[in-house]
file my_file-v5.cif (mmCIF, C-alpha atoms)
data_run
#
loop_
_atom_site.group_PDB
_atom_site.id
_atom_site.type_symbol
_atom_site.label_atom_id
_atom_site.label_comp_id
_atom_site.auth_asym_id
_atom_site.auth_seq_id
_atom_site.Cartn_x
_atom_site.Cartn_y
_atom_site.Cartn_z
ATOM 1 C CA MET E 1 17.987 31.441 13.242
ATOM 2 C CA TYR E 2 19.569 28.992 10.812
ATOM 3 C CA LYS E 3 17.750 26.907 8.218
ATOM 4 C CA ILE E 4 19.184 23.803 6.615
ATOM 5 C CA ILE E 5 18.455 22.628 3.075
ATOM 6 C CA ASP E 6 19.388 19.149 1.861
ATOM 7 C CA ASP E 7 20.303 18.072 -1.674
ATOM 8 C CA ALA E 8 16.659 17.352 -2.485
ATOM 9 C CA GLY E 9 15.697 20.926 -1.589
ATOM 10 C CA ALA E 10 13.902 19.994 1.637
ATOM 11 C CA ALA E 11 14.127 22.797 4.206
ATOM 12 C CA TYR E 12 14.789 21.956 7.849
ATOM 13 C CA GLU E 13 13.747 24.427 10.523
ATOM 14 C CA GLN E 14 15.072 24.584 14.049
ATOM 15 C CA TYR E 15 13.106 22.516 16.519
ATOM 16 C CA VAL E 16 12.378 24.386 19.728
ATOM 17 C CA TYR E 17 12.689 22.095 22.727
ATOM 18 C CA VAL E 18 10.036 22.738 25.352
ATOM 19 C CA LYS E 19 11.270 20.137 27.825
ATOM 20 C CA GLU E 20 14.878 20.094 28.920
ATOM 21 C CA SER E 21 14.585 16.313 29.384
ATOM 22 C CA ASP E 22 13.913 15.851 25.650
ATOM 23 C CA PHE E 23 16.911 17.995 24.767
ATOM 24 C CA GLU E 24 19.052 15.990 27.169
ATOM 25 C CA LYS E 25 17.964 12.676 25.599
ATOM 26 C CA MET E 26 19.273 13.903 22.264
ATOM 27 C CA ILE E 27 22.570 14.917 23.859
ATOM 28 C CA VAL E 28 23.061 11.589 25.646
ATOM 29 C CA SER E 29 22.209 9.535 22.553
ATOM 30 C CA ASN E 30 24.867 11.456 20.585
ATOM 31 C CA ALA E 31 27.392 11.837 23.410
ATOM 32 C CA ASP E 32 30.298 10.193 21.569
ATOM 33 C CA LYS E 33 30.001 12.631 18.678
ATOM 34 C CA ILE E 34 29.261 15.746 20.738
ATOM 35 C CA PHE E 35 31.866 15.223 23.451
ATOM 36 C CA GLY E 36 34.315 13.377 21.219
ATOM 37 C CA PRO E 37 35.743 9.863 21.000
ATOM 38 C CA THR E 38 38.724 10.592 23.253
ATOM 39 C CA GLY E 39 36.719 10.487 26.446
ATOM 40 C CA ILE E 40 33.915 8.783 28.346
ATOM 41 C CA TYR E 41 30.480 10.230 29.037
ATOM 42 C CA PHE E 42 28.742 9.180 32.256
ATOM 43 C CA ASP E 43 24.959 9.526 32.305
ATOM 44 C CA ILE E 44 24.777 9.822 36.096
ATOM 45 C CA LYS E 45 22.318 11.901 38.120
ATOM 46 C CA ARG E 46 23.134 11.781 41.808
ATOM 47 C CA LEU E 47 23.199 14.446 44.482
ATOM 48 C CA ILE E 48 26.647 15.683 45.441
ATOM 49 C CA GLY E 49 27.492 18.199 48.116
ATOM 50 C CA THR E 50 25.856 19.077 51.401
ATOM 51 C CA PRO E 51 22.118 19.909 51.424
ATOM 52 C CA LYS E 52 21.468 23.645 51.937
ATOM 53 C CA LYS E 53 25.182 24.267 51.386
ATOM 54 C CA GLY E 54 25.579 24.124 47.640
ATOM 55 C CA ALA E 55 24.377 20.582 46.945
ATOM 56 C CA THR E 56 23.518 19.877 43.326
ATOM 57 C CA ILE E 57 22.762 17.130 40.805
ATOM 58 C CA PRO E 58 24.859 17.326 37.619
ATOM 59 C CA ASP E 59 23.214 16.090 34.428
ATOM 60 C CA GLY E 60 26.270 13.953 33.737
ATOM 61 C CA TYR E 61 30.058 13.759 33.743
ATOM 62 C CA PHE E 62 32.620 13.704 30.962
ATOM 63 C CA LEU E 63 36.041 12.174 31.581
ATOM 64 C CA ASP E 64 38.287 13.788 28.979
ATOM 65 C CA LEU E 65 41.179 11.525 27.974
ATOM 66 C CA THR E 66 42.545 13.657 25.135
ATOM 67 C CA PHE E 67 45.816 14.281 26.964
ATOM 68 C CA HIS E 68 47.532 11.109 28.141
ATOM 69 C CA ASN E 69 49.331 12.830 30.998
ATOM 70 C CA ASP E 70 46.687 15.370 31.925
ATOM 71 C CA PRO E 71 43.144 13.918 31.976
ATOM 72 C CA ARG E 72 40.277 16.070 33.165
ATOM 73 C CA LEU E 73 36.816 15.586 34.616
ATOM 74 C CA TYR E 74 33.904 17.821 33.606
ATOM 75 C CA LEU E 75 30.529 18.133 35.277
ATOM 76 C CA VAL E 76 27.886 18.515 32.581
ATOM 77 C CA GLU E 77 24.915 20.888 32.733
ATOM 78 C CA VAL E 78 22.300 20.589 29.968
ATOM 79 C CA GLU E 79 20.261 23.762 29.556
ATOM 80 C CA LEU E 80 17.798 25.568 27.317
ATOM 81 C CA LYS E 81 18.328 29.211 26.373
ATOM 82 C CA SER E 82 14.872 29.971 27.801
ATOM 83 C CA HIS E 83 16.193 29.361 31.316
ATOM 84 C CA ASP E 84 17.368 32.230 33.493
ATOM 85 C CA VAL E 85 21.063 32.644 32.745
ATOM 86 C CA TYR E 86 21.840 34.558 35.932
ATOM 87 C CA GLY E 87 19.555 32.934 38.485
ATOM 88 C CA HIS E 88 19.615 29.372 37.190
ATOM 89 C CA ILE E 89 22.599 28.528 34.990
ATOM 90 C CA GLY E 90 25.066 30.735 36.846
ATOM 91 C CA GLU E 91 23.897 29.388 40.203
ATOM 92 C CA GLN E 92 24.202 25.800 39.012
ATOM 93 C CA ILE E 93 27.838 26.241 37.952
ATOM 94 C CA LEU E 94 28.534 27.933 41.282
ATOM 95 C CA ARG E 95 27.041 24.899 43.017
ATOM 96 C CA PHE E 96 29.249 22.651 40.911
ATOM 97 C CA GLY E 97 32.287 24.460 42.237
ATOM 98 C CA ILE E 98 31.142 24.181 45.849
ATOM 99 C CA SER E 99 29.987 20.558 45.740
ATOM 100 C CA THR E 100 33.086 19.223 43.971
ATOM 101 C CA GLY E 101 35.143 20.526 46.857
ATOM 102 C CA THR E 102 33.019 18.870 49.534
ATOM 103 C CA ASP E 103 31.951 15.542 48.036
ATOM 104 C CA LYS E 104 34.964 14.137 46.212
ATOM 105 C CA TYR E 105 34.565 10.578 47.484
ATOM 106 C CA LYS E 106 30.941 10.299 46.375
ATOM 107 C CA MET E 107 31.904 11.490 42.895
ATOM 108 C CA LYS E 108 34.713 8.950 42.688
ATOM 109 C CA ASN E 109 32.544 6.072 43.894
ATOM 110 C CA SER E 110 29.767 6.938 41.432
ATOM 111 C CA LEU E 111 32.144 6.994 38.469
ATOM 112 C CA LEU E 112 33.983 3.880 39.625
ATOM 113 C CA SER E 113 30.711 1.991 39.939
ATOM 114 C CA GLU E 114 29.742 2.898 36.370
ATOM 115 C CA VAL E 115 33.113 1.775 35.004
ATOM 116 C CA ASN E 116 33.028 -1.557 36.835
ATOM 117 C CA LYS E 117 29.744 -2.558 35.196
ATOM 118 C CA ASP E 118 30.491 -1.318 31.674
ATOM 119 C CA ASP E 119 32.871 -3.355 29.473
ATOM 120 C CA GLU E 120 33.002 -0.670 26.782
ATOM 121 C CA LYS E 121 34.265 1.901 29.278
ATOM 122 C CA LYS E 122 36.826 -0.623 30.560
ATOM 123 C CA GLN E 123 38.147 -1.213 27.035
ATOM 124 C CA LYS E 124 38.515 2.499 26.342
ATOM 125 C CA LEU E 125 40.344 2.991 29.624
ATOM 126 C CA ALA E 126 42.658 0.049 28.936
ATOM 127 C CA ALA E 127 43.687 1.665 25.646
ATOM 128 C CA TYR E 128 44.264 4.946 27.460
ATOM 129 C CA PHE E 129 46.371 3.359 30.221
ATOM 130 C CA SER E 130 48.629 1.720 27.621
ATOM 131 C CA LYS E 131 49.802 5.204 26.525
ATOM 132 C CA SER E 132 49.568 7.205 29.751
ATOM 133 C CA LYS E 133 51.403 7.338 33.057
ATOM 134 C CA TYR E 134 48.350 6.039 34.908
ATOM 135 C CA ASP E 135 47.972 2.323 35.574
ATOM 136 C CA ASN E 136 44.379 1.951 36.684
ATOM 137 C CA ILE E 137 41.043 3.684 37.159
ATOM 138 C CA ASN E 138 41.682 4.475 40.828
ATOM 139 C CA GLU E 139 44.837 6.417 40.000
ATOM 140 C CA LEU E 140 43.051 8.203 37.179
ATOM 141 C CA LEU E 141 40.048 9.254 39.260
ATOM 142 C CA ASP E 142 42.283 10.388 42.112
ATOM 143 C CA LYS E 143 44.073 12.636 39.632
ATOM 144 C CA VAL E 144 40.974 14.254 38.084
ATOM 145 C CA ILE E 145 38.994 14.578 41.334
ATOM 146 C CA PHE E 146 41.468 15.050 44.184
ATOM 147 C CA GLU E 147 44.517 16.609 42.495
ATOM 148 C CA ASN E 148 42.930 18.610 39.682
ATOM 149 C CA LYS E 149 39.941 20.879 39.983
ATOM 150 C CA PRO E 150 37.009 19.459 38.000
ATOM 151 C CA ALA E 151 35.632 21.805 35.357
ATOM 152 C CA ALA E 152 32.190 22.236 33.794
ATOM 153 C CA ILE E 153 30.571 21.915 30.395
ATOM 154 C CA ILE E 154 27.316 23.700 29.582
ATOM 155 C CA VAL E 155 25.395 22.166 26.671
ATOM 156 C CA ILE E 156 22.785 24.638 25.472
ATOM 157 C CA ASP E 157 20.622 25.211 22.396
ATOM 158 C CA GLU E 158 21.926 28.750 21.965
ATOM 159 C CA ALA E 159 24.937 30.403 23.582
ATOM 160 C CA THR E 160 24.323 34.100 24.230
ATOM 161 C CA ASP E 161 26.482 37.044 25.257
ATOM 162 C CA GLU E 162 24.694 36.984 28.617
ATOM 163 C CA LEU E 163 25.826 33.398 29.149
ATOM 164 C CA TYR E 164 29.454 34.253 28.438
ATOM 165 C CA ASN E 165 29.195 37.282 30.710
ATOM 166 C CA VAL E 166 28.080 35.036 33.565
ATOM 167 C CA MET E 167 30.878 32.555 32.847
ATOM 168 C CA ALA E 168 33.435 35.371 33.017
ATOM 169 C CA GLN E 169 32.392 36.053 36.612
ATOM 170 C CA LEU E 170 32.766 32.450 37.783
ATOM 171 C CA THR E 171 35.961 30.864 39.034
ATOM 172 C CA MET E 172 35.152 27.351 37.791
ATOM 173 C CA SER E 173 36.585 26.689 34.350
ATOM 174 C CA THR E 174 33.620 26.249 32.010
ATOM 175 C CA GLU E 175 33.235 25.242 28.364
ATOM 176 C CA VAL E 176 30.139 25.766 26.225
ATOM 177 C CA ILE E 177 28.786 23.383 23.605
ATOM 178 C CA GLU E 178 25.980 24.649 21.402
ATOM 179 C CA ALA E 179 23.633 21.955 20.065
ATOM 180 C CA GLN E 180 20.441 22.274 18.029
ATOM 181 C CA THR E 181 17.932 20.051 16.257
ATOM 182 C CA TYR E 182 16.357 20.763 12.866
ATOM 183 C CA VAL E 183 13.260 19.043 11.526
ATOM 184 C CA CYS E 184 11.583 18.488 8.172
ATOM 185 C CA GLY E 185 8.494 16.346 8.512
ATOM 186 C CA ASN E 186 9.584 13.228 10.402
ATOM 187 C CA LYS E 187 13.273 13.725 9.647
ATOM 188 C CA LYS E 188 15.683 15.257 12.131
ATOM 189 C CA LEU E 189 19.170 16.683 11.835
ATOM 190 C CA HIS E 190 21.381 17.724 14.736
ATOM 191 C CA ARG E 191 23.819 20.627 14.562
ATOM 192 C CA PHE E 192 26.471 21.042 17.261
ATOM 193 C CA SER E 193 29.896 22.437 18.039
ATOM 194 C CA PRO E 194 31.985 19.396 19.066
ATOM 195 C CA PHE E 195 33.828 19.631 22.357
ATOM 196 C CA LYS E 196 37.477 20.627 21.858
ATOM 197 C CA ASP E 197 37.017 20.388 18.101
ATOM 198 C CA GLU E 198 39.693 22.999 17.394
ATOM 199 C CA VAL E 199 42.221 20.875 19.303
ATOM 200 C CA MET E 200 41.346 17.564 17.669
ATOM 201 C CA THR E 201 41.275 19.100 14.181
ATOM 202 C CA ASP E 202 44.916 20.113 14.497
ATOM 203 C CA LEU E 203 46.149 16.702 15.611
ATOM 204 C CA THR E 204 48.032 14.831 12.892
ATOM 205 C CA PRO E 205 49.026 11.150 13.049
ATOM 206 C CA ASP E 206 52.628 12.033 13.893
ATOM 207 C CA ILE E 207 51.846 14.205 16.922
ATOM 208 C CA ASP E 208 50.389 13.458 20.328
ATOM 209 C CA ALA E 209 47.931 15.841 21.985
ATOM 210 C CA ASP E 210 50.359 16.286 24.874
ATOM 211 C CA GLU E 211 52.856 17.889 22.455
ATOM 212 C CA LEU E 212 50.523 20.779 21.590
ATOM 213 C CA ASP E 213 52.152 23.754 23.300
ATOM 214 C CA THR E 214 51.815 26.591 20.766
ATOM 215 C CA ILE E 215 48.857 28.648 19.620
ATOM 216 C CA VAL E 216 49.068 30.057 16.101
ATOM 217 C CA VAL E 217 47.093 33.265 15.506
ATOM 218 C CA PRO E 218 46.312 34.986 12.193
ATOM 219 C CA ALA E 219 47.584 38.565 12.161
ATOM 220 C CA ARG E 220 47.127 41.528 9.837
ATOM 221 C CA GLU E 221 50.021 43.944 9.392
ATOM 222 C CA GLU E 222 48.752 46.864 11.494
ATOM 223 C CA GLY E 223 47.719 44.821 14.510
ATOM 224 C CA PHE E 224 50.788 42.617 14.195
ATOM 225 C CA ASN E 225 53.259 45.491 14.326
ATOM 226 C CA GLU E 226 51.460 47.361 17.110
ATOM 227 C CA GLU E 227 50.369 44.561 19.401
ATOM 228 C CA PHE E 228 52.474 41.469 18.684
ATOM 229 C CA LEU E 229 55.840 43.164 18.168
ATOM 230 C CA LYS E 230 55.494 46.401 20.157
ATOM 231 C CA ASN E 231 53.134 45.610 23.044
ATOM 232 C CA ASN E 232 54.024 41.920 23.523
ATOM 233 C CA ARG E 233 50.415 40.779 23.572
ATOM 234 C CA TRP E 234 47.565 39.438 21.455
ATOM 235 C CA PHE E 235 43.923 39.575 22.425
ATOM 236 C CA GLU E 236 40.362 38.528 21.745
ATOM 237 C CA ILE E 237 41.495 34.952 21.163
ATOM 238 C CA ARG E 238 39.155 31.999 21.500
ATOM 239 C CA ILE E 239 41.004 29.356 23.504
ATOM 240 C CA SER E 240 39.705 26.065 24.866
ATOM 241 C CA SER E 241 39.979 26.232 28.662
ATOM 242 C CA ALA E 242 41.723 22.853 28.586
ATOM 243 C CA MET E 243 44.563 24.466 26.637
ATOM 244 C CA ILE E 244 45.144 27.469 28.905
ATOM 245 C CA ASP E 245 47.804 25.757 31.027
ATOM 246 C CA LYS E 246 49.377 23.986 28.064
ATOM 247 C CA ILE E 247 50.158 26.968 25.842
ATOM 248 C CA LYS E 248 53.819 27.894 26.279
ATOM 249 C CA TYR E 249 54.352 29.746 23.003
ATOM 250 C CA ILE E 250 52.423 31.925 20.566
ATOM 251 C CA ALA E 251 53.163 32.101 16.842
ATOM 252 C CA ALA E 252 51.997 34.736 14.367
ATOM 253 C CA TYR E 253 50.721 33.770 10.950
ATOM 254 C CA GLN E 254 50.922 36.947 8.878
ATOM 255 C CA VAL E 255 48.136 36.994 6.340
ATOM 256 C CA SER E 256 48.534 37.849 2.630
ATOM 257 C CA PRO E 257 50.774 39.070 1.139
ATOM 258 C CA VAL E 258 53.226 37.503 3.658
ATOM 259 C CA SER E 259 51.183 34.292 4.033
ATOM 260 C CA GLY E 260 53.276 32.479 6.595
ATOM 261 C CA ILE E 261 54.248 31.960 10.224
ATOM 262 C CA THR E 262 57.080 34.402 10.814
ATOM 263 C CA TYR E 263 57.446 35.109 14.545
ATOM 264 C CA VAL E 264 57.127 33.213 17.823
ATOM 265 C CA GLY E 265 57.207 34.321 21.439
ATOM 266 C CA GLU E 266 57.068 32.759 24.892
ATOM 267 C CA VAL E 267 53.807 33.127 26.776
ATOM 268 C CA ASP E 268 53.945 34.879 30.133
ATOM 269 C CA ARG E 269 50.276 34.589 31.111
ATOM 270 C CA ILE E 270 46.784 34.226 29.694
ATOM 271 C CA GLU E 271 43.845 36.184 31.086
ATOM 272 C CA ARG E 272 40.152 36.479 30.304
ATOM 273 C CA TYR E 273 39.514 39.345 27.875
ATOM 274 C CA LYS E 274 36.960 41.596 29.561
ATOM 275 C CA ASP E 275 33.598 39.897 30.174
ATOM 276 C CA THR E 276 33.778 37.640 27.133
ATOM 277 C CA ASN E 277 34.557 34.037 26.249
ATOM 278 C CA LYS E 278 37.857 35.169 24.730
ATOM 279 C CA TYR E 279 41.341 35.659 26.149
ATOM 280 C CA ILE E 280 44.341 37.978 26.015
ATOM 281 C CA VAL E 281 47.830 36.470 25.820
ATOM 282 C CA PHE E 282 50.802 38.363 27.263
ATOM 283 C CA PHE E 283 54.319 37.484 26.077
ATOM 284 C CA LYS E 284 57.503 37.382 28.088
ATOM 285 C CA PRO E 285 59.428 40.580 27.220
ATOM 286 C CA GLY E 286 62.341 39.985 24.893
ATOM 287 C CA THR E 287 61.255 36.520 23.786
ATOM 288 C CA VAL E 288 59.559 37.386 20.487
ATOM 289 C CA LYS E 289 61.847 36.327 17.658
ATOM 290 C CA LYS E 290 61.733 35.958 13.905
ATOM 291 C CA ILE E 291 61.928 32.414 12.568
ATOM 292 C CA ASN E 292 62.392 30.832 9.177
ATOM 293 C CA LYS E 293 59.084 31.425 7.456
ATOM 294 C CA VAL E 294 56.591 28.569 7.490
ATOM 295 C CA SER E 295 54.890 29.229 4.167
ATOM 296 C CA LEU E 296 51.337 28.583 3.101
ATOM 297 C CA GLY E 297 52.112 25.434 1.120
ATOM 298 C CA THR E 298 50.052 23.803 -1.607
ATOM 299 C CA LYS E 299 47.026 22.378 0.198
ATOM 300 C CA LYS E 300 43.914 24.522 0.387
ATOM 301 C CA GLY E 301 42.435 25.503 3.724
ATOM 302 C CA MET E 302 45.693 25.469 5.687
ATOM 303 C CA ALA E 303 45.864 29.234 6.341
ATOM 304 C CA PRO E 304 44.575 29.933 9.870
ATOM 305 C CA GLN E 305 41.293 31.837 9.884
ATOM 306 C CA ALA E 306 41.138 31.458 13.668
ATOM 307 C CA PRO E 307 43.601 30.281 16.346
ATOM 308 C CA ARG E 308 45.128 26.863 15.705
ATOM 309 C CA TYR E 309 47.433 24.615 17.721
ATOM 310 C CA SER E 310 50.752 22.966 17.025
ATOM 311 C CA SER E 311 54.038 22.217 18.749
ATOM 312 C CA TYR E 312 56.921 24.665 19.057
ATOM 313 C CA LYS E 313 59.392 22.062 17.877
ATOM 314 C CA LYS E 314 57.352 21.208 14.808
ATOM 315 C CA ILE E 315 56.922 24.861 13.844
ATOM 316 C CA LEU E 316 60.684 25.428 13.936
ATOM 317 C CA GLU E 317 61.243 22.354 11.748
ATOM 318 C CA ALA E 318 58.438 22.944 9.240
ATOM 319 C CA LYS E 319 58.770 24.710 5.901
ATOM 320 C CA THR E 320 55.075 24.853 4.997
ATOM 321 C CA LEU E 321 51.736 24.691 6.795
ATOM 322 C CA ASP E 322 51.131 21.368 5.059
ATOM 323 C CA GLU E 323 53.694 19.873 7.428
ATOM 324 C CA LEU E 324 51.851 21.219 10.471
ATOM 325 C CA TRP E 325 48.253 20.392 9.650
ATOM 326 C CA GLY E 326 48.300 18.497 6.374
#

call {"tool": "encode", "arguments": {"input": "my_file-v5.cif", "output": "structure tokens"}}
result
Amino acid sequence: MYKIIDDAGAAYEQYVYVKESDFEKMIVSNADKIFGPTGIYFDIKRLIGTPKKGATIPDGYFLDLTFHNDPRLYLVEVELKSHDVYGHIGEQILRFGISTGTDKYKMKNSLLSEVNKDDEKKQKLAAYFSKSKYDNINELLDKVIFENKPAAIIVIDEATDELYNVMAQLTMSTEVIEAQTYVCGNKKLHRFSPFKDEVMTDLTPDIDADELDTIVVPAREEGFNEEFLKNNRWFEIRISSAMIDKIKYIAAYQVSPVSGITYVGEVDRIERYKDTNKYIVFFKPGTVKKINKVSLGTKKGMAPQAPRYSSYKKILEAKTLDELWG
């Protein structure tokens, strides 16, 4: 369990939520920061689905507008780690999958009603429509509800291996956000893993999210030669589920002493890696090629310590990592 110390030396200890409703209030009040500014959180609790046939009540919805041409709707489930992962959380996500297939119109009407009475949501959508191929909220909701399969987000105070094991067995695409509260006297601090943070961190002013089509992975010499070059694959990669269908290429950043992106390959398919929250990427045979090295550059912190995203075109044009993520 973490502890947090501020500049004055005050120690904050993790607050253990007893009531899920209290935990949820914290999440809703910080929704813009937790779920991100490029989307809209809907604090809606209404039954969807058919009673006795998978009906459920989501804790909320998040309309992700990160990608202008590929928006996505997430059903949100707020949970405490003390709840039964298998019998409760797993069942709830299963119900999400069933109910979203049987009650699409009710979902659309609920979201539409919330937009129509909220000027702030209307303004955010107007800004989104000005850059996307969608003209209005009806078109947008039809896309995320009727054409795409809605996904799920679990917000929990501690993500465990058991939780990820359950997620690996489910067909509904599911993201996990870990959020915690720390207290010192009457003061509170909130610690969380922002939704799609790894994607937003790699966006620079000169690139649009829709252009992100390449995952850059750090590679040590032994694994690089054996897996990347010989076996045409790379595994145990953390990838946001929203990026699975967008990744067309994989690039290898060879760590010191090479310190640069040196090879790229076309992605054939991406699969879940065993019963984990990580993935294995298979390359198309014969597509891995050496490129002009994209060197480390001068700015600190540019070397990938974990998977990062960029565009294939930009990688081929860049000379240093500063140009990709500076």

call {"tool": "residues_around", "arguments": {"input": "my_file-v5.cif", "residues": "region 311-324 of chain E", "least_positions_apart": "5", "cutoff": "12 Å", "atoms": "all atoms listed in the file", "output": "ChimeraX atom specification"}}
result
/E:199,201-216,246-253,259-267,289-304

call {"tool": "closest_atom_pairs", "arguments": {"input": "my_file-v5.cif", "of": "region 227-314 of chain E", "to": "region 157-165 of chain E", "cutoff": "12 Å", "atoms": "only C-alpha atoms", "output": "tab-separated table"}}
result
residue	atom	partner	partner_atom	distance
E:Arg272	CA	E:Asn165	CA	11.0
E:Tyr273	CA	E:Asn165	CA	10.9
E:Lys274	CA	E:Asn165	CA	9.0
E:Asp275	CA	E:Asn165	CA	5.1
E:Thr276	CA	E:Tyr164	CA	5.6
E:Asn277	CA	E:Tyr164	CA	5.6
E:Lys278	CA	E:Tyr164	CA	9.2

call {"tool": "closest_residue", "arguments": {"input": "my_file-v5.cif", "among": "E:Ser21, E:Asp43, E:Val166, E:Tyr128", "to": "His88 (chain E)", "atoms": "only C-alpha atoms"}}
result
E:Val166

call {"tool": "resolve_selection", "arguments": {"input": "my_file-v5.cif", "expression": "the PyMOL selection byres ((chain E and resi 185) around 12)", "output": "list in words"}}
result
Ala10, Ala11, Tyr12, Glu13, Gln14, Tyr15, Tyr182, Val183, Cys184, Asn186, Lys187, Lys188 and Leu189 of chain E

call {"tool": "closest_residue", "arguments": {"input": "my_file-v5.cif", "among": "E:Leu65, E:Val144, E:Leu111, E:Leu94", "to": "Phe35 (chain E)", "atoms": "all atoms listed in the file"}}
result
E:Leu65

call {"tool": "residues_around", "arguments": {"input": "my_file-v5.cif", "residues": "Ala126 (chain E)", "least_positions_apart": "6", "cutoff": "12 Å", "atoms": "all atoms listed in the file", "output": "list in words"}}
result
Leu65, Val115, Asp119, Glu120, Ser132, Tyr134, Asp135, Asn136, Ile137 and Leu140 of chain E

call {"tool": "residues_around", "arguments": {"input": "my_file-v5.cif", "residues": "Ile270 (chain E)", "least_positions_apart": "4", "cutoff": "9 Å", "atoms": "only C-alpha atoms", "output": "list of chain:residue names"}}
result
E:Ile244, E:Asp245, E:Ile247, E:Tyr279, E:Ile280, E:Val281, E:Phe282, E:Phe283
